[in-house]
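Visitor: One structure, pasted below without further comment.
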Amino acid sequence: MPVHNADIAAVFDEVADLLEIQQASVFRVRAYRNAARVIRDQTSEVATMLERGEDVTKLPGIGKDLAAQIGEIVTSGTSCKLEELQKQLPAGLVELLKIPGLGPKKVKLLYDELKITSTEQLAKAAEKGQLHALPGFGEKTEQAILKALKTREGFGKRLMLAVAAQYAEPLAAFLSKIKGVKQVVIAGSYRRCKETVGDVDILVTAKEGTPVMDRFVNYDEVAQVLAEGTTKSTVLLKSGLQVDLRLVPQECFGAALQYFTGSQAHNVAVRDLGVKAHLKINEYGVFRGDERIAGDTEESVYQTLGLRWIPPELREARGEIEAARSGHLPHLIELSDIRGDLHSHTKATDGKNTLAEMARAAHDFGLEYLAITEHSRRLTVARGLTPERLREHMREIDKLNEELDGIVLLKSIEVDILQDGSLDLPDDVLEELDLVVASVHSYFNLPRDQQTARVLKAMSHPRVTIIGHPSGRLIGVREAYDVDMEKVIKHAAQSGCVLEVNSHPERLDLTDVYCRMAKENGVLVAIDSDAHNIYDFNNLRYGVGQARRGWLEAKDVLNTRSLTEMKKVISSLKKEPASA
């Protein structure tokens, strides 16, 4: 069975989790955690690199020992190190670490005092009020844990879009190489770029007699065949992802693609229009009586209703049909529109690569400028910069810019927004920067009015250019902090602040809904990678997908502009401090 980057990363993450519970050296834990992130963010499969004889120790943070463990995982599908740790501790403890507010010490305490080894046992203990009597806990912590458990329950078994891609795209590539196969398209929520994917629908057209179904159910990564037929088969991959494959006649392909892309609400609206026009629309085509009048392409389906083709990301029944009818569909942003990245980190704080390495990688990705936004001093876990270290870092950037060709590094910082809304660094050093990203990294549980006031105050600071990952959420792990996002967006318009669409797959923050609200209020967004290594620029595709779901065009995004134009926009946005 092929081993994907997500599989290797999952092993290293679990090793790090178990070592944390055992209170092992922070450096050992960090080594595995960093390795997991580096592997997960690789665009090429590490297993393929090994097959080609490439040296994986050239990857950031991967030494000989970790490289040997990667080889073991790729070869055997397992890890002796993980198995050894699993024998020492109950496996369920790892899941407890994923609950916000539960660090390794608290998880160990729960196990030692209450013998809790699963999220189910944790929920029962919290509901009975057994947690708040433990040292380091309290009633607020107990309620927060219950809330977090409900969030995880709602997330269910859905995979993040970027993780689903690691399984869906190789499968689609495998199918496309079968002799006789003409078209292979991944449909469903994946094609609509939803943040998470529950299952995957793949549509195929092929010459008669092509053994596509047989090859599909015998794919190396299939764990279970749930259904097998001549035109539809369903399998469960070993990753837990369910995949439906449909073999579609060429003349029906467009109708089937429209139907299986969804969303359900969008399709209902399309079919209602069909009924009003005395047409029947289904996955087989558009029919007037018994005559099929369209369906070979998606465009033909929409044209029969007097509509322009609607991009998949907009198909959520949020006004896209009315816009298509009136000719007001947005010209959605493309990845190729992105000219710079305004949020990245290097080895100076918690990044994995040097300034020069990040600059080269950004240039190779096609970017013209890159803002280096190290963490500020309060984030000690990331070795945040003091004013003195920041100024030294700025000098290094200036020196490197003299040598670079084709890309410019911008001097910036990701400054922490403190509990009272003030910033973590003094104004005099912030004034020396090209731009400032301000982010919340602490006190996520403040009351709504206090959290909102905190963010608004930071936005009003004349040196703040961008609010980073504005809601603070981590998909499936941590809910957004309780902030009035409508107020934040309206205040961004008043204060001349840009809001970030953070492209990291765990964040995708702003959400699509708030992207659109920002657009409607005339607020620019910045689609940033939040890159911590040279491979993270590839995550920009997910940020662009999120922006497209939010109806954003290139003009709505700050970093689609040339460096000169982008700087002009920044200068024009920041005026006198707005009242919060």
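Residue numbering restarts at 1 for every chain of the structure tokens, chains are lettered A, B, ... in their displayed order, and ligands are numbered from 1 as they appear.
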Taking the chain letters and numbering used in this document, name the residues of stretch 376-536 of chain A that DSSP puts in strand (DSSP E or B), as number ranges by chain.
Guide: A: 376, 385, 408-417, 423, 437-439, 466-467, 474, 478, 498-502, 509, 525-528, 531
Visitor: Residues at most 6 Å from stretch 116-121 of chain A, counting only C-alpha atoms, excluding those fewer than 5 positions away in the same chain, as a PyMOL selection string?
Guide: chain A and resi 92-93+110-111
Visitor: Dump N, CA and C atoms for the selected residues as a PDB file, in the first residue's frame?
Guide:
ATOM      1  N   GLY A  92      -5.901   5.986  23.771  1.00  0.00           N
ATOM      2  CA  GLY A  92      -6.908   7.043  23.807  1.00  0.00           C
ATOM      3  C   GLY A  92      -6.412   8.362  24.362  1.00  0.00           C
ATOM      4  N   LEU A  93      -5.283   8.345  25.075  1.00  0.00           N
ATOM      5  CA  LEU A  93      -4.771   9.577  25.653  1.00  0.00           C
ATOM      6  C   LEU A  93      -4.363  10.581  24.579  1.00  0.00           C
ATOM      7  N   LEU A 110      -5.539  13.507  34.452  1.00  0.00           N
ATOM      8  CA  LEU A 110      -6.835  12.868  34.236  1.00  0.00           C
ATOM      9  C   LEU A 110      -6.704  11.352  34.257  1.00  0.00           C
ATOM     10  N   TYR A 111      -5.620  10.870  33.686  1.00  0.00           N
ATOM     11  CA  TYR A 111      -5.399   9.416  33.654  1.00  0.00           C
ATOM     12  C   TYR A 111      -5.056   8.887  35.046  1.00  0.00           C
TER      13      TYR A 111
END
Visitor: Report the distance between atom CA of A:Leu409 and atom CA of A:Thr564 in Å, rounded to one decimal place.
Guide: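 Calculated distance between atom CA of A:Leu409 and atom CA of A:Thr564 is 13.1 Å.
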Visitor: As a count of residues only, please: the residues near A:Asn34 (cut-off 9 Å, only C-alpha atoms, same-chain neighbours under 2 positions excluded).
Guide: 14
Visitor: One decimal, in Å: what's the spacing between atom CA of A:Asn282 and atom CA of A:Arg215?
Guide: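 Separating atom CA of A:Asn282 from atom CA of A:Arg215 is a distance of 27.8 Å.
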Visitor: Find the residues near A:Leu149: any atom within 12 Å, counting only C-alpha atoms, skip ones fewer than 3 places away on the same chain, and give them as number ranges by chain.
Guide: A: 95-102, 118-124, 126-127, 142-146, 152-156, 476-479
Visitor: Please run DSSP on the backbone and report, as number ranges by chain, all residues within stretch 303-536 of chain A that come out as alpha helix (DSSP H).
Guide: A: 303, 320-326, 355-365, 387-403, 427-430, 448-460, 485-495, 512-520
Visitor: Please identify all polymer residues within 10 Å of A:Thr43, counting only C-alpha atoms, omitting same-chain residues fewer than 3 positions from it, and present them as a list in words.
Guide: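 Counting only the stated atoms, we get Asn5, Ile39, Arg40, Val46, Gln166, Tyr535, Asp536, Phe537, Asn538 and Asn539 of chain A.
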Visitor: With distances taken over only C-alpha atoms, which residue among A:Ser376, A:Glu14, A:Phe174, A:Ala256 lies nearest A:Phe216?
Guide: A:Phe174
Visitor: When you look at A:Leu89 with a cut-off of 10 Å (counting only C-alpha atoms), what residues show up, excluding the ones that are within fewer than 4 positions of it in the same chain? I need them as a list of chain:residue names.
Guide: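 Counting only the stated atoms, we get A:Leu18, A:Leu19, A:Ile21, A:Gln22, A:Glu84, A:Leu85, A:Leu93, A:Val94, A:Lys108, A:Tyr111, A:Thr117.
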Visitor: Convert the current residue selection to file output with N, CA, C and O atoms, as a short mmCIF file (atom, residue, chain, number, x, y, z; two decimals), in the first residue's frame.
Guide:
data_model
loop_
_atom_site.label_atom_id
_atom_site.label_comp_id
_atom_site.auth_asym_id
_atom_site.auth_seq_id
_atom_site.Cartn_x
_atom_site.Cartn_y
_atom_site.Cartn_z
N LEU A 18 2.54 11.29 22.47
CA LEU A 18 2.84 10.33 23.55
C LEU A 18 4.07 10.75 24.34
O LEU A 18 4.12 10.59 25.56
N LEU A 19 5.06 11.30 23.65
CA LEU A 19 6.24 11.80 24.36
C LEU A 19 5.86 12.97 25.27
O LEU A 19 6.39 13.09 26.39
N ILE A 21 2.98 13.44 26.78
CA ILE A 21 2.29 12.91 27.96
C ILE A 21 3.29 12.32 28.93
O ILE A 21 3.14 12.43 30.16
N GLN A 22 4.35 11.74 28.41
CA GLN A 22 5.39 11.17 29.27
C GLN A 22 6.33 12.25 29.81
O GLN A 22 7.25 11.96 30.56
N GLU A 84 6.29 1.10 20.40
CA GLU A 84 6.91 1.04 21.73
C GLU A 84 6.20 1.99 22.69
O GLU A 84 5.88 1.63 23.83
N LEU A 85 5.92 3.21 22.23
CA LEU A 85 5.24 4.20 23.07
C LEU A 85 3.80 3.79 23.35
O LEU A 85 3.27 4.02 24.44
N LEU A 93 -5.28 8.35 25.08
CA LEU A 93 -4.77 9.58 25.65
C LEU A 93 -4.36 10.58 24.58
O LEU A 93 -4.40 11.80 24.80
N VAL A 94 -3.96 10.08 23.43
CA VAL A 94 -3.56 10.96 22.33
C VAL A 94 -4.73 11.85 21.92
O VAL A 94 -4.56 13.05 21.65
N LYS A 108 -2.22 13.64 31.72
CA LYS A 108 -1.64 12.65 32.64
C LYS A 108 -2.37 12.66 33.97
O LYS A 108 -2.62 11.60 34.58
N TYR A 111 -5.62 10.87 33.69
CA TYR A 111 -5.40 9.42 33.65
C TYR A 111 -5.06 8.89 35.05
O TYR A 111 -5.61 7.87 35.50
N THR A 117 -9.29 7.64 29.71
CA THR A 117 -8.45 7.26 28.56
C THR A 117 -9.14 7.51 27.22
O THR A 117 -8.63 7.09 26.19
#
